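Engineer: Quick one: the structure is below, questions incoming.
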Amino acid sequence: MKFETVRGLHIPKVGFGTWSIGGQSSPDPKLDSVSRTALRSALELGYTHFDTAEYYADGHAEELLGQEIREMGIRREDLFLTTKVSPEHLHPDDVLRACDRSLRRLGVDFVDLYLIHWPNPRIKLGESFRALNRLVREGKVRHLGVSNFKLKMLKESVALSETPLLTNQIPYSLPEKTYVENGVIAYCQQNDILVTAYSPVKFRNLNVNATLKSIAAAHGATSYQVALAWLIAQPRVITIPMSFDPAHQKENLEAMNLELSASELGQLSNLYSR
Ligand SMILES: NC(=O)c1ccc[n+]([C@@H]2O[C@H](COP(=O)([O-])OP(=O)(O)OC[C@H]3O[C@@H](n4cnc5c(N)ncnc54)[C@H](OP(=O)(O)O)[C@@H]3O)[C@@H](O)[C@H]2O)c1
């Protein structure tokens with residue numbers, strides 16, 4: 001396991017995403033069995049960072065994750081759990097209630113990381129952080145972060161958080177460089193803030209790109225592993241791919257062992273330049 005060390009914390013370079021576990025924006029009971037199997041295999045393979053949200057399957061992803069952790073008897077201290085408050089719950093009282101609901105569904109006393117899922121321009125950020133800071137003081141949340149925040153609001157969040165803001169979770173992959181272009185990633189790297197790259201392998205031509213294929217072949221790896229290895233080779237960057245398939249889950253975790261050369265990393269960085 002490879003870790004990113006930030007502010008004395010060791011966080012796995014590759015964690016596990018839970019979007020579509022248990023449904024999409026609402027619970028889908030037909031997916032329970034396949035979701036439980038996916039969570040079980042991820043835990044058995046050794047994933048320890050799980051990323052979820054109250055939004056995912058309207059809380060059902062949190063529920064299934066909590067059930068699987070309990071049934072497998074995994075010790076709480078061996079896990080790093082991230083969940084998120086939805087933008088419509090950013091009034092202070094709503095933040096407190098949303099967090100309590102998430103803790104109950106997950107069946108834990110605290111989460112390691114609690115994120116604002118998306119900014120909500122209709123609610124003052126300072127109001128939301130009043131409640132978020134309280135959750136940290138009360139021990140219900142270990143660390144705070146944000147998601148999908150551009151530079152201005154990210155800097156405001158850094159100033160409003162009573163404890164160092166741990167992450168900005170953003171879309172980041174070989175072709176998705178919006179947050180490189182808008183300066184967020186450089187700001188995070190300069191200010192000891194983790195970049196959590198989401199949807200790291202969700203792009204159309206991943207499997208057919210000739211450069212990706214040839215770099216992968218040179219290492220006896222897959223294109224998916226190359227796409228992940230490029231991300232996690234970067235300082236302060238971690239990622240959270242999701243897969244229902246145990247073989248894919250294993251492949252993604254093992255991308256941590258893939259060492260790309262400086263020239264390969266450079267080639268990959270330029271692969272989708274406009
Ligand atoms: N903060 C936010 O707003 C936000 C937004 C989006 C996502 N996220 C988080 O980020 C996580 C990851 O993003 P994502 O789920 O959108 O996209 P992703 O992890 O990049 O891609 C998931 C898709 O890729 C496939 N896949 C994964 N690994 C593979 C492999 N090794 N080989 C072949 N196919 C593979 C999966 O199919 P199989 O199941 O068939 O393997 C699945 O269809 C989410 O689950 C969620 O936790 C956060």
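Following the order of the structure tokens, first chain is A, next is B, and so on, with residues numbered from 1 inside each chain and ligands from 1 in the order they appear.
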If the limit is 9 Å from any atom of ligand 1, counting only C-alpha atoms and all ligand atoms, which residues qualify? Return them as a PyMOL selection string.
Structural biologist: chain A and resi 15-21+38+50-53+56+83-84+115-118+146-148+168-171+173+196-203+207+222-225+239-253
Engineer: Store the residues picked out above, limited to C-alpha atoms, as a PDB file, in the first residue's frame.
Structural biologist:
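Okay, part.pdb is ready:
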ATOM      1  CA  GLY A  15      -9.187   4.383  -2.177  1.00  0.00           C
ATOM      2  CA  PHE A  16     -12.592   3.039  -3.173  1.00  0.00           C
ATOM      3  CA  GLY A  17     -15.493   5.128  -4.517  1.00  0.00           C
ATOM      4  CA  THR A  18     -19.101   4.162  -3.827  1.00  0.00           C
ATOM      5  CA  TRP A  19     -21.143   6.037  -6.418  1.00  0.00           C
ATOM      6  CA  SER A  20     -23.741   3.531  -7.786  1.00  0.00           C
ATOM      7  CA  ILE A  21     -23.391   1.213  -4.764  1.00  0.00           C
ATOM      8  CA  ALA A  38     -18.405  -5.403  -4.381  1.00  0.00           C
ATOM      9  CA  PHE A  50     -13.885   4.442   1.343  1.00  0.00           C
ATOM     10  CA  ASP A  51     -15.531   7.481  -0.199  1.00  0.00           C
ATOM     11  CA  THR A  52     -19.287   7.844   0.091  1.00  0.00           C
ATOM     12  CA  ALA A  53     -21.954  10.566   0.425  1.00  0.00           C
ATOM     13  CA  TYR A  56     -25.349   8.240  -3.045  1.00  0.00           C
ATOM     14  CA  THR A  83     -18.646  11.078   3.457  1.00  0.00           C
ATOM     15  CA  LYS A  84     -20.269  14.273   2.200  1.00  0.00           C
ATOM     16  CA  LEU A 115     -16.847  17.156   2.757  1.00  0.00           C
ATOM     17  CA  ILE A 116     -19.185  19.764   1.352  1.00  0.00           C
ATOM     18  CA  HIS A 117     -20.244  17.822  -1.765  1.00  0.00           C
ATOM     19  CA  TRP A 118     -20.903  20.842  -4.001  1.00  0.00           C
ATOM     20  CA  VAL A 146     -14.696  20.330   0.187  1.00  0.00           C
ATOM     21  CA  SER A 147     -15.540  18.990  -3.238  1.00  0.00           C
ATOM     22  CA  ASN A 148     -15.950  20.656  -6.623  1.00  0.00           C
ATOM     23  CA  ASN A 168     -10.675  19.244  -2.330  1.00  0.00           C
ATOM     24  CA  GLN A 169     -12.278  16.295  -4.158  1.00  0.00           C
ATOM     25  CA  ILE A 170     -12.429  17.105  -7.849  1.00  0.00           C
ATOM     26  CA  PRO A 171     -12.722  15.495 -11.273  1.00  0.00           C
ATOM     27  CA  SER A 173      -7.938  12.264 -15.024  1.00  0.00           C
ATOM     28  CA  THR A 196      -8.760  13.625  -4.301  1.00  0.00           C
ATOM     29  CA  ALA A 197      -9.168  12.763  -7.986  1.00  0.00           C
ATOM     30  CA  TYR A 198     -12.638  11.428  -8.765  1.00  0.00           C
ATOM     31  CA  SER A 199     -13.812   9.651 -11.926  1.00  0.00           C
ATOM     32  CA  PRO A 200     -10.145   8.809 -12.612  1.00  0.00           C
ATOM     33  CA  VAL A 201     -10.851   6.164 -15.270  1.00  0.00           C
ATOM     34  CA  LYS A 202     -14.254   7.228 -16.533  1.00  0.00           C
ATOM     35  CA  PHE A 203     -13.331   8.352 -20.003  1.00  0.00           C
ATOM     36  CA  ASN A 207      -8.815   1.271 -23.604  1.00  0.00           C
ATOM     37  CA  THR A 222      -3.311  -2.323 -18.169  1.00  0.00           C
ATOM     38  CA  SER A 223      -4.316   1.078 -19.534  1.00  0.00           C
ATOM     39  CA  TYR A 224      -6.471   1.574 -16.425  1.00  0.00           C
ATOM     40  CA  GLN A 225      -3.452   1.057 -14.205  1.00  0.00           C
ATOM     41  CA  THR A 239      -7.668   8.796  -6.132  1.00  0.00           C
ATOM     42  CA  ILE A 240     -10.854   6.791  -5.502  1.00  0.00           C
ATOM     43  CA  PRO A 241     -11.802   4.578  -8.483  1.00  0.00           C
ATOM     44  CA  MET A 242     -15.009   2.542  -8.223  1.00  0.00           C
ATOM     45  CA  SER A 243     -15.621  -0.929  -9.590  1.00  0.00           C
ATOM     46  CA  PHE A 244     -18.153  -3.702  -9.034  1.00  0.00           C
ATOM     47  CA  ASP A 245     -15.703  -6.214 -10.480  1.00  0.00           C
ATOM     48  CA  PRO A 246     -13.218  -7.783  -8.012  1.00  0.00           C
ATOM     49  CA  ALA A 247     -10.626  -8.243 -10.776  1.00  0.00           C
ATOM     50  CA  HIS A 248     -10.845  -4.537 -11.658  1.00  0.00           C
ATOM     51  CA  GLN A 249     -10.725  -3.582  -7.966  1.00  0.00           C
ATOM     52  CA  LYS A 250      -7.507  -5.616  -7.586  1.00  0.00           C
ATOM     53  CA  GLU A 251      -6.039  -4.130 -10.742  1.00  0.00           C
ATOM     54  CA  ASN A 252      -6.780  -0.595  -9.507  1.00  0.00           C
ATOM     55  CA  LEU A 253      -5.237  -1.237  -6.102  1.00  0.00           C
TER      56      LEU A 253
END
Engineer: Would you list, as a list of chain:residue names, the residues of stretch 111-263 of chain A that end up in strand (DSSP E or B) under DSSP run on this structure's backbone?
Structural biologist: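 Answer for stretch 111-263 of chain A restricted to strand (DSSP E or B) is A:Val111, A:Asp112, A:Leu113, A:Tyr114, A:Leu115, A:Ile116, A:Val141, A:Arg142, A:His143, A:Leu144, A:Gly145, A:Val146, A:Ser147, A:Thr167, A:Asn168, A:Gln169, A:Ile170, A:Pro171, A:Leu194, A:Val195, A:Thr196, A:Ala197, A:Tyr198, A:Val237, A:Ile238, A:Thr239.
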Engineer: Go ahead and write the residues just picked, C-alpha atoms, as a JSON list (two decimals), in the first residue's frame.
Structural biologist:
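What follows is the written file out-v2.json:
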[["chain", "number", "residue", "atom", "x", "y", "z"],
["A", 111, "VAL", "CA", -16.06, 9.93, 10.11],
["A", 112, "ASP", "CA", -12.46, 10.62, 9.22],
["A", 113, "LEU", "CA", -13.32, 13.17, 6.57],
["A", 114, "TYR", "CA", -16.50, 15.19, 5.98],
["A", 115, "LEU", "CA", -16.85, 17.16, 2.76],
["A", 116, "ILE", "CA", -19.19, 19.76, 1.35],
["A", 141, "VAL", "CA", -15.70, 14.42, 12.27],
["A", 142, "ARG", "CA", -11.90, 14.18, 12.30],
["A", 143, "HIS", "CA", -11.12, 16.37, 9.27],
["A", 144, "LEU", "CA", -12.97, 18.73, 6.97],
["A", 145, "GLY", "CA", -12.79, 19.14, 3.23],
["A", 146, "VAL", "CA", -14.70, 20.33, 0.19],
["A", 147, "SER", "CA", -15.54, 18.99, -3.24],
["A", 167, "THR", "CA", -8.89, 17.93, 0.72],
["A", 168, "ASN", "CA", -10.68, 19.24, -2.33],
["A", 169, "GLN", "CA", -12.28, 16.30, -4.16],
["A", 170, "ILE", "CA", -12.43, 17.11, -7.85],
["A", 171, "PRO", "CA", -12.72, 15.50, -11.27],
["A", 194, "LEU", "CA", -4.92, 16.73, -0.74],
["A", 195, "VAL", "CA", -6.32, 16.56, -4.24],
["A", 196, "THR", "CA", -8.76, 13.62, -4.30],
["A", 197, "ALA", "CA", -9.17, 12.76, -7.99],
["A", 198, "TYR", "CA", -12.64, 11.43, -8.76],
["A", 237, "VAL", "CA", -2.83, 13.54, -5.30],
["A", 238, "ILE", "CA", -4.86, 10.49, -4.23],
["A", 239, "THR", "CA", -7.67, 8.80, -6.13]]
Engineer: Pick out the residues sitting within 12 Å of A:Ala98, and hand them over as a ChimeraX atom specification; count only C-alpha atoms, and ignore anything fewer than 2 positions along from it in its own chain.
Structural biologist: /A:53-55,58-59,83-96,100-105,114-116,128,131-132,135,140
Engineer: Those same residues - N, CA and C atoms - I'd like them written as a short mmCIF file (atom, residue, chain, number, x, y, z; two decimals), in the first residue's frame.
Structural biologist:
data_model
loop_
_atom_site.label_atom_id
_atom_site.label_comp_id
_atom_site.auth_asym_id
_atom_site.auth_seq_id
_atom_site.Cartn_x
_atom_site.Cartn_y
_atom_site.Cartn_z
N ALA A 53 -21.27 9.28 0.32
CA ALA A 53 -21.95 10.57 0.42
C ALA A 53 -23.41 10.31 0.78
N GLU A 54 -24.01 11.27 1.47
CA GLU A 54 -25.44 11.10 1.77
C GLU A 54 -26.25 11.03 0.47
N TYR A 55 -25.74 11.67 -0.57
CA TYR A 55 -26.43 11.70 -1.86
C TYR A 55 -26.47 10.32 -2.54
N ASP A 58 -29.29 7.95 -2.04
CA ASP A 58 -30.03 8.62 -0.96
C ASP A 58 -29.73 7.99 0.40
N GLY A 59 -28.45 7.82 0.67
CA GLY A 59 -28.02 7.30 1.97
C GLY A 59 -27.82 5.80 2.01
N THR A 83 -17.32 10.88 4.02
CA THR A 83 -18.65 11.08 3.46
C THR A 83 -18.88 12.58 3.23
N LYS A 84 -20.06 12.89 2.67
CA LYS A 84 -20.27 14.27 2.20
C LYS A 84 -21.66 14.76 2.53
N VAL A 85 -21.76 16.04 2.83
CA VAL A 85 -23.05 16.69 3.05
C VAL A 85 -23.49 17.32 1.72
N SER A 86 -24.77 17.16 1.39
CA SER A 86 -25.27 17.67 0.10
C SER A 86 -25.48 19.18 0.15
N PRO A 87 -25.43 19.83 -1.01
CA PRO A 87 -25.53 21.30 -1.04
C PRO A 87 -26.84 21.84 -0.46
N GLU A 88 -27.91 21.06 -0.52
CA GLU A 88 -29.19 21.57 0.03
C GLU A 88 -29.23 21.46 1.55
N HIS A 89 -28.20 20.89 2.15
CA HIS A 89 -28.17 20.74 3.62
C HIS A 89 -27.09 21.62 4.25
N LEU A 90 -26.80 22.75 3.65
CA LEU A 90 -25.66 23.53 4.14
C LEU A 90 -26.02 24.63 5.15
N HIS A 91 -27.31 24.79 5.47
CA HIS A 91 -27.64 25.64 6.62
C HIS A 91 -27.12 24.93 7.87
N PRO A 92 -26.64 25.68 8.86
CA PRO A 92 -25.95 25.05 9.99
C PRO A 92 -26.73 23.91 10.64
N ASP A 93 -28.01 24.11 10.95
CA ASP A 93 -28.76 23.03 11.61
C ASP A 93 -28.89 21.80 10.71
N ASP A 94 -29.02 22.06 9.42
CA ASP A 94 -29.13 20.94 8.47
C ASP A 94 -27.82 20.16 8.38
N VAL A 95 -26.68 20.88 8.46
CA VAL A 95 -25.37 20.19 8.42
C VAL A 95 -25.28 19.24 9.61
N LEU A 96 -25.67 19.72 10.79
CA LEU A 96 -25.57 18.89 12.01
C LEU A 96 -26.45 17.65 11.87
N ASP A 100 -25.35 13.59 11.55
CA ASP A 100 -25.88 12.55 12.46
C ASP A 100 -26.50 11.39 11.67
N ARG A 101 -27.23 11.74 10.60
CA ARG A 101 -27.85 10.68 9.78
C ARG A 101 -26.77 9.80 9.13
N SER A 102 -25.72 10.45 8.62
CA SER A 102 -24.65 9.69 7.97
C SER A 102 -23.97 8.76 8.97
N LEU A 103 -23.70 9.28 10.18
CA LEU A 103 -23.04 8.44 11.20
C LEU A 103 -23.91 7.24 11.55
N ARG A 104 -25.22 7.51 11.67
CA ARG A 104 -26.15 6.42 12.01
C ARG A 104 -26.16 5.36 10.90
N ARG A 105 -26.24 5.83 9.66
CA ARG A 105 -26.29 4.86 8.54
C ARG A 105 -24.99 4.05 8.44
N TYR A 114 -15.13 14.75 6.33
CA TYR A 114 -16.50 15.19 5.98
C TYR A 114 -16.37 16.35 4.99
N LEU A 115 -17.01 16.18 3.83
CA LEU A 115 -16.85 17.16 2.76
C LEU A 115 -18.15 17.87 2.43
N ILE A 116 -18.06 19.11 2.04
CA ILE A 116 -19.19 19.76 1.35
C ILE A 116 -19.17 19.22 -0.08
N SER A 128 -22.15 27.52 7.01
CA SER A 128 -21.91 26.07 6.92
C SER A 128 -20.70 25.68 7.77
N ALA A 131 -21.13 25.17 11.54
CA ALA A 131 -21.59 23.83 11.94
C ALA A 131 -20.49 22.78 11.72
N LEU A 132 -19.78 22.89 10.61
CA LEU A 132 -18.73 21.89 10.33
C LEU A 132 -17.64 21.93 11.41
N LEU A 135 -18.80 20.17 14.45
CA LEU A 135 -18.73 18.71 14.34
C LEU A 135 -17.33 18.19 14.65
N LYS A 140 -17.29 14.28 16.05
CA LYS A 140 -18.06 13.47 15.10
C LYS A 140 -17.35 13.40 13.74
#
Engineer: When distances are computed from only C-alpha atoms, which of A:Val184, A:Thr178, A:Phe129, A:Glu77 shows the smallest separation from A:Leu160?
Structural biologist: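 Under the stated criterion, the closest residue is A:Phe129.
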Engineer: Name the residues in contact with A:Asn205 at a cut-off of 12 Å, using only C-alpha atoms, excluding same-chain residues fewer than 3 positions from it; report them as a PyMOL selection string.
Structural biologist: chain A and resi 174-175+201-202+208-213+223-224+227+271-272
Engineer: Those residues with N, CA and C atoms, as a PDB file, in the first residue's frame please?
Structural biologist:
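Below is the file selection_5.pdb, written as the result:
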ATOM      1  N   LEU A 174      -6.597  11.781 -16.989  1.00  0.00           N
ATOM      2  CA  LEU A 174      -5.753  12.166 -18.133  1.00  0.00           C
ATOM      3  C   LEU A 174      -6.435  13.206 -19.031  1.00  0.00           C
ATOM      4  N   PRO A 175      -7.693  13.021 -19.433  1.00  0.00           N
ATOM      5  CA  PRO A 175      -8.297  14.057 -20.289  1.00  0.00           C
ATOM      6  C   PRO A 175      -9.012  15.177 -19.536  1.00  0.00           C
ATOM      7  N   VAL A 201     -10.950   7.011 -14.070  1.00  0.00           N
ATOM      8  CA  VAL A 201     -10.851   6.164 -15.270  1.00  0.00           C
ATOM      9  C   VAL A 201     -12.128   6.198 -16.108  1.00  0.00           C
ATOM     10  N   LYS A 202     -12.979   7.179 -15.795  1.00  0.00           N
ATOM     11  CA  LYS A 202     -14.254   7.228 -16.533  1.00  0.00           C
ATOM     12  C   LYS A 202     -14.103   8.115 -17.761  1.00  0.00           C
ATOM     13  N   VAL A 208      -8.498   2.238 -25.807  1.00  0.00           N
ATOM     14  CA  VAL A 208      -8.056   2.153 -27.205  1.00  0.00           C
ATOM     15  C   VAL A 208      -6.909   3.106 -27.529  1.00  0.00           C
ATOM     16  N   ASN A 209      -6.595   4.003 -26.594  1.00  0.00           N
ATOM     17  CA  ASN A 209      -5.536   4.972 -26.867  1.00  0.00           C
ATOM     18  C   ASN A 209      -4.192   4.244 -27.051  1.00  0.00           C
ATOM     19  N   ALA A 210      -3.528   4.510 -28.192  1.00  0.00           N
ATOM     20  CA  ALA A 210      -2.326   3.740 -28.548  1.00  0.00           C
ATOM     21  C   ALA A 210      -1.173   4.015 -27.570  1.00  0.00           C
ATOM     22  N   THR A 211      -0.996   5.251 -27.152  1.00  0.00           N
ATOM     23  CA  THR A 211       0.105   5.574 -26.224  1.00  0.00           C
ATOM     24  C   THR A 211      -0.108   4.869 -24.893  1.00  0.00           C
ATOM     25  N   LEU A 212      -1.331   4.962 -24.406  1.00  0.00           N
ATOM     26  CA  LEU A 212      -1.646   4.291 -23.140  1.00  0.00           C
ATOM     27  C   LEU A 212      -1.374   2.785 -23.252  1.00  0.00           C
ATOM     28  N   LYS A 213      -1.805   2.231 -24.381  1.00  0.00           N
ATOM     29  CA  LYS A 213      -1.634   0.791 -24.576  1.00  0.00           C
ATOM     30  C   LYS A 213      -0.147   0.418 -24.610  1.00  0.00           C
ATOM     31  N   SER A 223      -4.158  -0.363 -19.306  1.00  0.00           N
ATOM     32  CA  SER A 223      -4.316   1.078 -19.534  1.00  0.00           C
ATOM     33  C   SER A 223      -4.936   1.747 -18.303  1.00  0.00           C
ATOM     34  N   TYR A 224      -5.842   1.028 -17.637  1.00  0.00           N
ATOM     35  CA  TYR A 224      -6.471   1.574 -16.425  1.00  0.00           C
ATOM     36  C   TYR A 224      -5.417   1.837 -15.355  1.00  0.00           C
ATOM     37  N   ALA A 227      -3.411   4.904 -16.226  1.00  0.00           N
ATOM     38  CA  ALA A 227      -4.160   6.146 -15.959  1.00  0.00           C
ATOM     39  C   ALA A 227      -4.138   6.481 -14.460  1.00  0.00           C
ATOM     40  N   LEU A 271      -0.792  13.895 -23.392  1.00  0.00           N
ATOM     41  CA  LEU A 271      -1.592  13.027 -24.252  1.00  0.00           C
ATOM     42  C   LEU A 271      -2.888  13.678 -24.738  1.00  0.00           C
ATOM     43  N   TYR A 272      -3.538  14.370 -23.848  1.00  0.00           N
ATOM     44  CA  TYR A 272      -4.837  14.952 -24.217  1.00  0.00           C
ATOM     45  C   TYR A 272      -4.794  16.486 -24.245  1.00  0.00           C
TER      46      TYR A 272
END
Engineer: Measuring between only C-alpha atoms, which one of A:Lys150, A:Arg40, A:Arg76, A:Arg7 shows the shortest distance to A:Leu64?
Structural biologist: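 Under the stated criterion, the closest residue is A:Arg40.
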Engineer: Work out how far atom CA of A:Ala159 is from atom CA of A:Ile193, in Å to one decimal.
Structural biologist: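 The value is 13.0 Å.
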Engineer: Hey, can you check how far atom CA of A:Gly8 sits from atom CA of A:Leu45?
Structural biologist: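 Rounded to one decimal, the two atoms are 25.2 Å apart.
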Engineer: Where does DSSP see helix (DSSP H, G or I) in stretch 18-120 of chain A, if you list the residues as a ChimeraX atom specification?
Structural biologist: /A:29-45,56-72,76-78,87-89,92-106
Engineer: For each of A:Ala186, A:Met1, A:Leu31, A:Ala57, take the minimum atom-to-atom distance to A:Gln234, counting only C-alpha atoms, then give the residue where this is smallest.
Structural biologist: A:Ala186
Engineer: Any idea what the distance is between atom CA of A:Ala217 and atom CA of A:Ser41?
Structural biologist: 26.7 Å
Engineer: Could you list, as a ChimeraX atom specification, every residue within 12 Å of A:Leu43, counting only C-alpha atoms and ignoring same-chain residues fewer than 4 positions away?
Structural biologist: /A:15-16,36-39,47-50,65-66,68-75,78-80,246,249-250,253
Engineer: Deliver the residues from the most recent selection as a file, using C-alpha atoms, as a short mmCIF file (atom, residue, chain, number, x, y, z; two decimals), in the first residue's frame.
Structural biologist:
data_model
loop_
_atom_site.label_atom_id
_atom_site.label_comp_id
_atom_site.auth_asym_id
_atom_site.auth_seq_id
_atom_site.Cartn_x
_atom_site.Cartn_y
_atom_site.Cartn_z
CA GLY A 15 -9.19 4.38 -2.18
CA PHE A 16 -12.59 3.04 -3.17
CA ARG A 36 -22.58 -5.98 -0.94
CA THR A 37 -20.38 -8.34 -2.96
CA ALA A 38 -18.40 -5.40 -4.38
CA LEU A 39 -17.88 -3.85 -0.93
CA TYR A 47 -8.93 -1.08 0.47
CA THR A 48 -9.10 1.02 3.64
CA HIS A 49 -10.22 4.44 2.34
CA PHE A 50 -13.88 4.44 1.34
CA LEU A 65 -20.96 0.14 3.55
CA GLY A 66 -21.69 0.24 7.28
CA GLU A 68 -20.48 -4.79 5.33
CA ILE A 69 -17.86 -3.29 7.67
CA ARG A 70 -19.75 -4.61 10.71
CA GLU A 71 -20.39 -8.05 9.24
CA MET A 72 -16.76 -8.47 8.29
CA GLY A 73 -15.67 -7.35 11.75
CA ILE A 74 -13.25 -4.74 10.38
CA ARG A 75 -11.85 -2.55 13.15
CA ASP A 78 -8.21 0.32 10.32
CA LEU A 79 -10.48 2.36 8.04
CA PHE A 80 -10.50 5.90 6.72
CA PRO A 246 -13.22 -7.78 -8.01
CA GLN A 249 -10.72 -3.58 -7.97
CA LYS A 250 -7.51 -5.62 -7.59
CA LEU A 253 -5.24 -1.24 -6.10
#
Engineer: A:Leu268, A:Arg236, A:Glu156, A:Ser263: which is nearest A:Lys13, counting only C-alpha atoms?
Structural biologist: A:Arg236
